[in-house]
Amino acid sequence: MCRQVFGFRLAMIALAAPAALLNANPGLGVRLVGAAVVVTFMVSYALFRDWERFGPLLLRHPTLLAADTLFGSLLLISAGPDTTLAYVSVCTPLLAGIAYSWRGAAVFASLQSLILLLVQTALPHTHRTPADALLLPGFCVITGAVGSTLRGLLLRFGTATQALTAMRARLAVTEAISEERARLAREMHDSVAKTLHGVALAAEGLAASAAAPAPDPALLRQQAELVARAARRAATESRELLTDLRRNQDHGHRDQDHGIDVLEELASRAADFSTRTGLPLTYRPPAGPHPDLPVPPAAARQLLSITEEAMENAHRHAEATRVEVSAEVEDGLLRISVRDDGRGLPAGTSLDELRRRGHFGLVGMVERAASAGARLHLGEGPDDRGTDVLLELPLPTPETDR
């Protein structure tokens with residue numbers, strides 16, 4: 001705002017300078033007016049161009065604006081109160097109001113009004129009414145009040161902007177915390193909670209076998225080893241979660257360096273699921289040879305977690321007798337399908353209802369798909385039985401060598 005005022009001053013001084021020099025007395029008068037023109041013009045130009053540098057100096061020392069006002073009065077006397085330079089005088093109380101609040105506006109409006117009245121009294125004039133004489137001094141008072149009002153508005157606007165910025169920062173922090181909590185909830189549901197559930201089932205089987213009239217030592221040993229493996233797996237997953245919480249800033253860079261072969265990992269996890277649960281599972285890889293897919297590691301982990309959750313749902317909840325996992329690459333899309341012949345989803349199932357009932361498996365799958373940039377479709381399985389979970393991930397176009 002102050003910079004624009006000095007820009008207006010520059011234009012008015014440039015227009016009024018020739019008239020001031022022509023009306024000045026020869027000799028010393030011309031030199032004084034010339035010096036006043038140069039000083040006021042250069043000061044205005046410096047403040048207009050480098051307000052961030054010189055503005056704080058003017059704000060700290062109001063006497064500099066008073067000195068500038070006295071130099072401007074020389075031009076006003078030389079050019080006359082009827083020239084364009086007279087309108088430059090109203091800039092002084094405007095600047096004082098913006099820079100020094102209402103007290104500074106009152107002081108400089110009074111000073112500038114007094115200078116204008118003295119100039120109009122000292123110079124010869126004809127047919128000047130009192131209203132004409134008080135016009136410019138009145139403008140000085142009005143511009144001083146306008147400057148003070150603008151200062152108050154700018155300060156309130158700045159305060160409101162700071163409050164809005166702080167509110168946005170708090171909202172961003174709250175949103176980040178909510179997203180992190182949701183992510184940890186998904187990780188715990190899909191890893192530790194799932195593994196602990198398996199530990200509980202294995203322990204129940206071990207207890208039932210031990211309570212039999214003639215327990216089989218080989219079966220007891222096998223079930224005990226299953227409990228031990230599941231417990232170790234839960235401990236490993238817990239450590240991974242803790243490590244993920246303490247990850248440092250270059251964790252993302254390390255992820256980019258350690259890629260994940262999605263198809264190979266998918267086949268491995270499908271085989272591990274079938275061995276662990278005893279549920280028949282068929283894995284169908286894409287037809288034909290395929291190079292490593294350009295899937296970001298973070299997205300690949302989300303896809304694999306969704307696939308594992310779909311297989312676990314078929315085993316735990318759907319009472320399926322077989323599961324089919326397939327993958328294909330077509331038209332720039334990676335499609336992963338998990339089908340079972342179980343009970344299928346109840347009619348009218350919605351995410352809000354699942355959240356209210358505390359079933360977060362499907363909710364977490366949808367959230368994971370969204371975070372990976374994939375599309376998740378839930379439908380009926382083959383022959384209108386069971387469930388078909390379909391994932392579609394757009395693959396980035398590989399860059400060609402130039």
# chains A, B, ... in the order shown; residues from 1 in each chain; ligands from 1

$ residues_around --residues "range 95-104 of chain A" --least-positions-apart "2" --cutoff "8 Å" --atoms "only C-alpha atoms" --output "PyMOL selection string"
chain A and resi 2+5+59+91-93+106-108+144-152

$ residues_around --residues "Met311 in chain A" --least-positions-apart "5" --cutoff "8 Å" --atoms "only C-alpha atoms" --output "NGL selection string"
:A and (273 or 323 or 338)

$ write_last_selection --atoms "N, CA and C atoms" --output "mmCIF file, in the first residue's frame"
data_model
loop_
_atom_site.group_PDB
_atom_site.id
_atom_site.type_symbol
_atom_site.label_atom_id
_atom_site.label_comp_id
_atom_site.auth_asym_id
_atom_site.auth_seq_id
_atom_site.Cartn_x
_atom_site.Cartn_y
_atom_site.Cartn_z
ATOM 1 N N PHE A 273 -0.420 -69.280 1.872
ATOM 2 C CA PHE A 273 -1.776 -69.314 2.421
ATOM 3 C C PHE A 273 -2.370 -70.713 2.297
ATOM 4 N N VAL A 323 -10.358 -71.482 -3.502
ATOM 5 C CA VAL A 323 -10.057 -70.080 -3.814
ATOM 6 C C VAL A 323 -9.238 -70.047 -5.088
ATOM 7 N N VAL A 338 -9.386 -62.262 -6.746
ATOM 8 C CA VAL A 338 -9.475 -63.310 -5.727
ATOM 9 C C VAL A 338 -10.925 -63.773 -5.691
#

$ residues_around --residues "range 331-333 of chain A" --least-positions-apart "6" --cutoff "8 Å" --atoms "only C-alpha atoms" --output "PyMOL selection string"
chain A and resi 392-397

$ write_last_selection --atoms "N, CA and C atoms" --output "CSV table (one decimal), in the first residue's frame"
chain,number,residue,atom,x,y,z
A,392,GLU,N,-7.8,-53.3,-9.8
A,392,GLU,CA,-7.3,-52.7,-11.0
A,392,GLU,C,-6.3,-51.6,-10.7
A,393,LEU,N,-5.1,-51.7,-11.1
A,393,LEU,CA,-4.1,-50.6,-10.9
A,393,LEU,C,-3.5,-50.2,-12.2
A,394,PRO,N,-3.7,-48.9,-12.6
A,394,PRO,CA,-3.1,-48.3,-13.8
A,394,PRO,C,-1.6,-48.4,-13.6
A,395,LEU,N,-0.9,-48.9,-14.6
A,395,LEU,CA,0.5,-49.0,-14.6
A,395,LEU,C,1.1,-47.8,-15.3
A,396,PRO,N,2.2,-47.2,-14.7
A,396,PRO,CA,2.9,-46.1,-15.3
A,396,PRO,C,3.5,-46.5,-16.6
A,397,THR,N,3.5,-45.6,-17.6
A,397,THR,CA,4.1,-45.9,-18.9
A,397,THR,C,5.6,-45.9,-18.8

$ select_by_dssp --residues "range 124-343 of chain A" --states "strand (DSSP E or B)" --output "ChimeraX atom specification"
/A:281-284,323-330,333-340

$ residues_around --residues "Leu345 in chain A" --least-positions-apart "6" --cutoff "10 Å" --atoms "only C-alpha atoms" --output "ChimeraX atom specification"
/A:317-318,378-380,385-388

$ write_last_selection --atoms "N, CA and C atoms" --output "compact mmCIF listing (two decimals), in the first residue's frame"
# COMPACT_ATOMS: atom_id res chain seq x y z
N HIS A 317 -14.44 -66.33 7.00
CA HIS A 317 -15.84 -65.90 7.07
C HIS A 317 -16.73 -66.52 6.00
N ALA A 318 -16.17 -66.82 4.84
CA ALA A 318 -17.02 -67.24 3.72
C ALA A 318 -17.29 -68.74 3.70
N LEU A 378 -16.07 -55.26 -5.72
CA LEU A 378 -16.57 -56.43 -4.99
C LEU A 378 -17.82 -56.93 -5.68
N GLY A 379 -17.85 -58.20 -6.00
CA GLY A 379 -19.01 -58.78 -6.68
C GLY A 379 -19.16 -60.24 -6.34
N GLU A 380 -20.08 -60.86 -7.04
CA GLU A 380 -20.34 -62.29 -6.83
C GLU A 380 -19.29 -63.12 -7.55
N ARG A 385 -21.99 -67.55 -6.97
CA ARG A 385 -21.70 -67.97 -5.60
C ARG A 385 -20.41 -67.30 -5.14
N GLY A 386 -20.31 -67.14 -3.83
CA GLY A 386 -19.07 -66.63 -3.28
C GLY A 386 -18.86 -65.15 -3.57
N THR A 387 -17.61 -64.77 -3.56
CA THR A 387 -17.23 -63.35 -3.71
C THR A 387 -16.08 -63.25 -4.70
N ASP A 388 -16.13 -62.18 -5.49
CA ASP A 388 -15.05 -61.88 -6.43
C ASP A 388 -14.49 -60.50 -6.06

$ residues_around --residues "Val325 in chain A" --least-positions-apart "2" --cutoff "7 Å" --atoms "only C-alpha atoms" --output "compact mmCIF listing (two decimals) with all heavy atoms, in the first residue's frame"
# COMPACT_ATOMS: atom_id res chain seq x y z
N THR A 282 -5.86 -72.05 -6.21
CA THR A 282 -5.27 -72.09 -7.55
C THR A 282 -4.79 -70.68 -7.90
O THR A 282 -5.54 -69.70 -7.80
CB THR A 282 -6.31 -72.54 -8.59
OG1 THR A 282 -6.82 -73.82 -8.22
CG2 THR A 282 -5.67 -72.62 -9.97
N TYR A 283 -3.53 -70.58 -8.30
CA TYR A 283 -2.97 -69.30 -8.72
C TYR A 283 -2.72 -69.33 -10.21
O TYR A 283 -2.05 -70.24 -10.73
CB TYR A 283 -1.67 -69.00 -7.98
CG TYR A 283 -0.96 -67.78 -8.52
CD1 TYR A 283 -1.53 -66.51 -8.40
CD2 TYR A 283 0.27 -67.90 -9.18
CE1 TYR A 283 -0.89 -65.40 -8.91
CE2 TYR A 283 0.91 -66.78 -9.68
CZ TYR A 283 0.32 -65.53 -9.56
OH TYR A 283 0.95 -64.43 -10.08
N ARG A 284 -3.24 -68.34 -10.91
CA ARG A 284 -3.10 -68.24 -12.36
C ARG A 284 -2.30 -66.97 -12.67
O ARG A 284 -2.85 -65.86 -12.57
CB ARG A 284 -4.45 -68.21 -13.06
CG ARG A 284 -5.32 -69.43 -12.75
CD ARG A 284 -6.63 -69.36 -13.52
NE ARG A 284 -7.52 -70.45 -13.16
CZ ARG A 284 -7.44 -71.68 -13.65
NH1 ARG A 284 -6.50 -71.94 -14.55
NH2 ARG A 284 -8.29 -72.62 -13.26
N VAL A 323 -10.36 -71.48 -3.50
CA VAL A 323 -10.06 -70.08 -3.81
C VAL A 323 -9.24 -70.05 -5.09
O VAL A 323 -8.38 -70.92 -5.32
CB VAL A 323 -9.29 -69.39 -2.66
CG1 VAL A 323 -8.95 -67.95 -3.02
CG2 VAL A 323 -10.08 -69.43 -1.36
N SER A 337 -7.35 -60.74 -9.20
CA SER A 337 -8.68 -61.21 -8.81
C SER A 337 -8.55 -62.33 -7.78
O SER A 337 -7.70 -63.21 -7.92
CB SER A 337 -9.45 -61.72 -10.04
OG SER A 337 -10.68 -62.32 -9.66
N VAL A 338 -9.39 -62.26 -6.75
CA VAL A 338 -9.48 -63.31 -5.73
C VAL A 338 -10.93 -63.77 -5.69
O VAL A 338 -11.81 -63.00 -5.30
CB VAL A 338 -9.02 -62.80 -4.35
CG1 VAL A 338 -9.13 -63.92 -3.31
CG2 VAL A 338 -7.59 -62.27 -4.41
N ARG A 339 -11.17 -65.02 -6.09
CA ARG A 339 -12.53 -65.56 -6.15
C ARG A 339 -12.65 -66.75 -5.20
O ARG A 339 -11.71 -67.52 -5.05
CB ARG A 339 -12.89 -66.00 -7.57
CG ARG A 339 -12.87 -64.88 -8.59
CD ARG A 339 -13.20 -65.41 -9.97
NE ARG A 339 -13.23 -64.35 -10.97
CZ ARG A 339 -13.47 -64.54 -12.26
NH1 ARG A 339 -13.69 -65.80 -12.71
NH2 ARG A 339 -13.49 -63.55 -13.11
